[in-house]
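*Asks:* Would you mind keeping the following structure in view while I ask a few things?
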Amino acid sequence: MTTRLDPLVGSRLRQVARRLRGYVLIEGVARFTAFMLAAAGLQLLLDYGSRGLRLSMRAALLGVLVIAAVRILWRRVLSPLRVRVASADVAALVERRHPKLSSLLISSVRFSAGDVGPPESNSPTLIAHTIGRTGGLAASIDFHTVLNPRRARWSIAAILAVLAIGLGAACSSPELTRLWFARNVLLQDIDWPRRTTLIVDLPGNELVAARGDDVVIEATAEGVQPRQVEFFYETGSGKRGHETMATVGSAGSYHYRHTLKNAREDLTFHLEGGDDRTEVFSVRLVDRPHVQWSRMGIVPPPYTKLESVTLGDDQRAAKVLPGTRVTIQMETSKPVVEATLMAGHEEIAEAQVESEPRSSEGAVGASRFTVAIIPVQTHTYHFALVDELGLENRKPVRFAIRVIEDEAPRVRLKLGGAGEMVTPEAILPMEVEFADTYGLATAELVYRLIREEAHEGLIPLATFRRGATSFATSLSWALATVSATPGDRLNVFARASDFDDVSGPNRAQSPEISLRVVTKDELLAELARREQEYRMDFERLVDAQEQLRGRLLTVAGRFDQPDGADRLAAGLAPLERRQRNIAGSINVLRQQFEQILAELRVNQLDTAASRERLDDGIISPLTRLAKRDLVIAADTLRKWARDRTPETASTIDPQQVALLSQMREILANMIQWEGYQEAVTMLRDILRLQAELREESKIILQERAGDVFDE
């Protein structure tokens with residue numbers, strides 16, 4: 001009695017198990033190859049479709065795909081191969097497919113394997129009978145019907161299709177396949193071939209610009225010109241966006257431009273256009289250099305004896321004299337490699353470095369500078385600064401230095417009381433004033449006596465001291481000290497100079513006062529002529545005052561008429577003005593008579609009688625008229641025009657009568673003394689004629705006496 005399974009049945013079962021494992025392997029390989037093809041396609045789609053993924057993205061994608069491929073390979077290929085398919089499992093599949101076996105096949109497999117249970121409960125006869133029957137029944141059954149070869153065939157077809165697609169792609173586009181493999185498998189940094197290539201010319205992929213400026217991004221395209229180029233950006237604060245770049249130029253020579261207006265933040269950007277996408281560029285904004293602090297030292301010329309002055313940071317304007325040394329110290333907001341003092345577009349001087357700190361970028365620059373100049377003309381200066389990045393200061397701090405000339409000394413000469421004619425006995429009263437801001441080097445009072453030739457000399461100023469900023473004195477100078485004679489011309493003037501040793505010395509001179517030296521008789525005759533002229537002017541003023549009184553009487557007579565009050569106001573206004581004009585004219589006459597009296601004193605011709613005649617009889621009464629009485633009369637007319645009362649009107653005519661009385665009295669004094677003066681003048685003329693006759697007689701007698709002795 002046998003317990004061994006029929007060898008043919010066992011062989012058939014093992015054959016089905018091997019084929020089952022082969023089907024599982026083929027299906028797993030099909031899944032794996034399909035995944036690999038899909039993964040390669042995904043890489044190609046993402047990398048080429050996005051115009052080139054960055055290396056980090058390609059590496060990440062490759063890592064994910066490798067992990068997924070290993071997992072599929074393990075689960076679908078390697079793990080199933082490790083599972084052992086037993087004959088019992090195959091027998092169970094056959095039993096399920098062929099129910100007529102009635103579990104004989106699976107029972108025979110188990111019995112042959114020794115799975116018969118405990119000895120006390122099994123029957124060897126039954127086991128042998130079962131195994132024997134199984135061989136006969138199994139001979140008529142095809143065990144392979146438990147397998148589905150269709151899935152295996154589909155899997156094989158899929159594998160072949162994947163291989164065909166891969167080989168077809170590799171053969172049809174070897175360069176594309178090579179680039180895919182190099183970029184996505186070997187992770188090499190090789191660009192995809194493109195129809196369009198965008199070029200942004202930025203060394204180091206970074207654009208450094210000044211904060212607050214307009215930053216211009218420009219690009220060109222090689223190959224197929226894209227219809228538009230997009231500018232994608234991300235600022236330092238995280239703001240993202242994109243804008244279409246402006247297309248500039250004509251067909252075939254387009255370039256693209258985008259302007260960042262008043263840029264304030266750092267940013268990164270890339271461009272996309274056609275089938276190209278550029279790498280990422282950065283825009284770094286830095287502040288332009290500027291003068292952060294300054295100080296001006298001003299050293300005036302030594303001759304001024306002024307102390308040096310230092311102007312702080314808030315004082316950038318100064319007035320200086322020629323020869324002043326101006327030192328400007330300044331500190332920049334950042335290290336710079338060049339600092340030049342400019343006046344407009346003209347370079348004045350290179351600033352000297354005081355310190356050389358190292359900038360944050362590692363480049364050597366300076367931040368403290370000094371420049372010294374001696375301005376010769378007014379300018380507004382500024383520093384042209386250039387930092388290590390080549391950025392200049394656009395809005396420089398300006399230093400206004402105004403060069404003012406050292407003015408010449410101020411000189412004034414006043415000759416009181418003297419007219420254009422003087423006698424040799426005259427004593428001239430002089431007042432001189434000199435002033436200079438930085439000190440007087442010389443101060444002189446000069447006379448020039450002109451006869452046949454000019455002779456010049458100095459009138460001593462004993463109290464003058466060199467270096468004084470002002471000097472004034474009064475003196476009386478006798479003309480006799482220079483032996484002036486009638487017929488000479490005398491010019492007197494003052495002059496001065498300062499200590500300016502830069503553009504000077506500066507000199508100044510007062511206007512010359514020209515005097516003609518005459519005899520006493522000539523001067524007295526001139527004064528008499530002027531007195532007569534002034535008297536005639538005064539007579540005209542007396543007539544004008546009489547006419548004014550008559551006009552006032554006419555106006556006052558209309559006061560009682562119906563519209564008299566209004567007509568009175570209109571008529572009094574011009575009369576008031578005439579009254580004040582008469583007062584002004586009389587005041588001028590007073591000054592003219594005072595000048596006559598002063599010339600008499602200067603020329604030592606004044607006597608008690610002349611002083612009484614001019615001062616008491618003419619000048620003092622004219623002063624009272626001009627300063628008091630005529631002014632009161634004009635004020636009364638104004639008052640009458642305002643209140644128009646009979647009380648005011650009653651004072652008008654008596655006031656006018658009193659004025660005319662005073663004026664006639666003064667006129668009488670003028671006429672009286674004028675007659676006396678004429679008599680004196682006639683007597684002087686007689687004496688002069690007698691002296692001339694005597695001199696002529698003397699000459700004739702001398703000539704006759706000479707003739708007698710000659711005979």
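So you can find residues: chains in the structure tokens are A, B, ... in the order shown, residues in each start at 1, and ligands are numbered from 1 in order.
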Tell me which protein, DNA and RNA residues are within 7 Å of Val208 (chain A), counting only C-alpha atoms, leaving out same-chain ones fewer than 2 positions away, and put them as a ChimeraX atom specification.

*Replies:* /A:206,283-285

*Asks:* Would you list the contacts of region 328-336 of chain A as a PDB file with C-alpha atoms, in the first residue's frame, taking every protein, DNA or RNA residue within 10 Å and counting only C-alpha atoms, but skipping same-chain residues closer than 5 positions in sequence?

*Replies:*
```pdb
ATOM      1  CA  ASP A 287      22.321 104.434  -0.297  1.00  0.00           C
ATOM      2  CA  ARG A 288      24.223 107.031  -2.260  1.00  0.00           C
ATOM      3  CA  PRO A 289      27.033 108.722  -0.378  1.00  0.00           C
ATOM      4  CA  HIS A 290      26.368 112.161   1.024  1.00  0.00           C
ATOM      5  CA  VAL A 291      27.922 114.632   3.411  1.00  0.00           C
ATOM      6  CA  GLN A 292      26.671 113.706   6.850  1.00  0.00           C
ATOM      7  CA  TRP A 293      28.542 116.308   8.871  1.00  0.00           C
ATOM      8  CA  SER A 294      30.660 119.321   8.034  1.00  0.00           C
ATOM      9  CA  ARG A 295      32.547 122.181   9.615  1.00  0.00           C
ATOM     10  CA  MET A 296      34.129 125.284   8.106  1.00  0.00           C
ATOM     11  CA  GLY A 297      37.166 126.990   9.574  1.00  0.00           C
ATOM     12  CA  ILE A 298      37.748 130.582   8.468  1.00  0.00           C
ATOM     13  CA  THR A 310      34.626 127.924  13.062  1.00  0.00           C
ATOM     14  CA  LEU A 311      31.155 127.397  11.604  1.00  0.00           C
ATOM     15  CA  ASP A 313      27.285 121.808  10.677  1.00  0.00           C
ATOM     16  CA  ARG A 316      27.246 126.472   5.497  1.00  0.00           C
ATOM     17  CA  LEU A 341      35.492 119.985  -4.077  1.00  0.00           C
ATOM     18  CA  ALA A 351      39.893 116.571  -0.540  1.00  0.00           C
ATOM     19  CA  GLN A 352      42.554 115.087   1.693  1.00  0.00           C
ATOM     20  CA  VAL A 353      41.750 111.922   3.655  1.00  0.00           C
ATOM     21  CA  GLU A 354      41.678 112.138   7.436  1.00  0.00           C
ATOM     22  CA  SER A 355      40.743 108.489   8.140  1.00  0.00           C
ATOM     23  CA  GLU A 356      40.388 105.302   6.095  1.00  0.00           C
ATOM     24  CA  PRO A 357      37.894 102.861   7.649  1.00  0.00           C
ATOM     25  CA  ARG A 358      37.123  99.578   5.946  1.00  0.00           C
ATOM     26  CA  SER A 359      33.646  99.282   4.512  1.00  0.00           C
ATOM     27  CA  SER A 360      31.295  96.382   5.133  1.00  0.00           C
ATOM     28  CA  ALA A 363      36.731  97.645   0.098  1.00  0.00           C
ATOM     29  CA  VAL A 364      38.891 100.431   1.436  1.00  0.00           C
ATOM     30  CA  GLY A 365      37.251 103.850   1.455  1.00  0.00           C
ATOM     31  CA  ALA A 366      37.464 107.054   3.424  1.00  0.00           C
ATOM     32  CA  SER A 367      34.764 108.828   5.363  1.00  0.00           C
ATOM     33  CA  ARG A 368      36.521 111.927   6.764  1.00  0.00           C
ATOM     34  CA  PHE A 369      38.083 114.532   4.483  1.00  0.00           C
ATOM     35  CA  THR A 370      39.610 117.995   4.676  1.00  0.00           C
ATOM     36  CA  VAL A 371      40.133 120.564   1.955  1.00  0.00           C
ATOM     37  CA  ALA A 372      41.666 124.036   2.273  1.00  0.00           C
ATOM     38  CA  ILE A 373      41.165 126.841  -0.254  1.00  0.00           C
ATOM     39  CA  PHE A 383      31.678 117.814  -2.838  1.00  0.00           C
ATOM     40  CA  LEU A 385      31.543 111.908  -3.912  1.00  0.00           C
ATOM     41  CA  VAL A 386      32.055 108.475  -5.483  1.00  0.00           C
ATOM     42  CA  ASP A 387      31.837 105.265  -3.439  1.00  0.00           C
ATOM     43  CA  GLU A 388      33.434 101.886  -4.156  1.00  0.00           C
ATOM     44  CA  LEU A 389      30.409 100.894  -6.266  1.00  0.00           C
ATOM     45  CA  GLY A 390      30.714 103.964  -8.468  1.00  0.00           C
ATOM     46  CA  LEU A 391      27.632 105.681  -7.028  1.00  0.00           C
ATOM     47  CA  GLU A 392      27.721 109.473  -6.850  1.00  0.00           C
ATOM     48  CA  PHE A 399      28.689 125.585   0.867  1.00  0.00           C
TER      49      PHE A 399
END
```

*Asks:* Among region 267-499 of chain A, which ones does DSSP place in strand (DSSP E or B), written as a ChimeraX atom specification?

*Replies:* /A:267-273,276-277,281-286,291-299,309-311,317-320,325-343,346-350,352-355,358,364,366-373,379-387,392,398-403,410-415,421-422,427-435,440-450,454-459,470-478,489-498

*Asks:* For each of A:Tyr534, A:Tyr303, A:Phe35, A:Tyr254, take the minimum atom-to-atom distance to Gly323 (chain A), counting only C-alpha atoms, then give the residue where this is smallest.

*Replies:*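 Looking at the shortest contact to Gly323 (chain A), the residue is A:Tyr303.
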
*Asks:* To one decimal place in Å, what is the distance between CA of Phe231 (chain A) and CA of Leu187 (chain A)?

*Replies:* 27.4 Å

*Asks:* What does the distance between CA of Leu523 (chain A) and CA of Ala454 (chain A) come to in Å, to one decimal place?

*Replies:* 23.5 Å

*Asks:* DSSP on the backbone: what in region 330-528 of chain A comes out alpha helix (DSSP H), as a count of residues only?

*Replies:* 9

*Asks:* Any idea what's packed within 9 Å of Met36 (chain A), counting only C-alpha atoms, ignoring anything in its chain fewer than 3 positions away? Could you give it as a VMD selection string?

*Replies:* chain A and resid 31 to 33 39 to 41 65 69 162
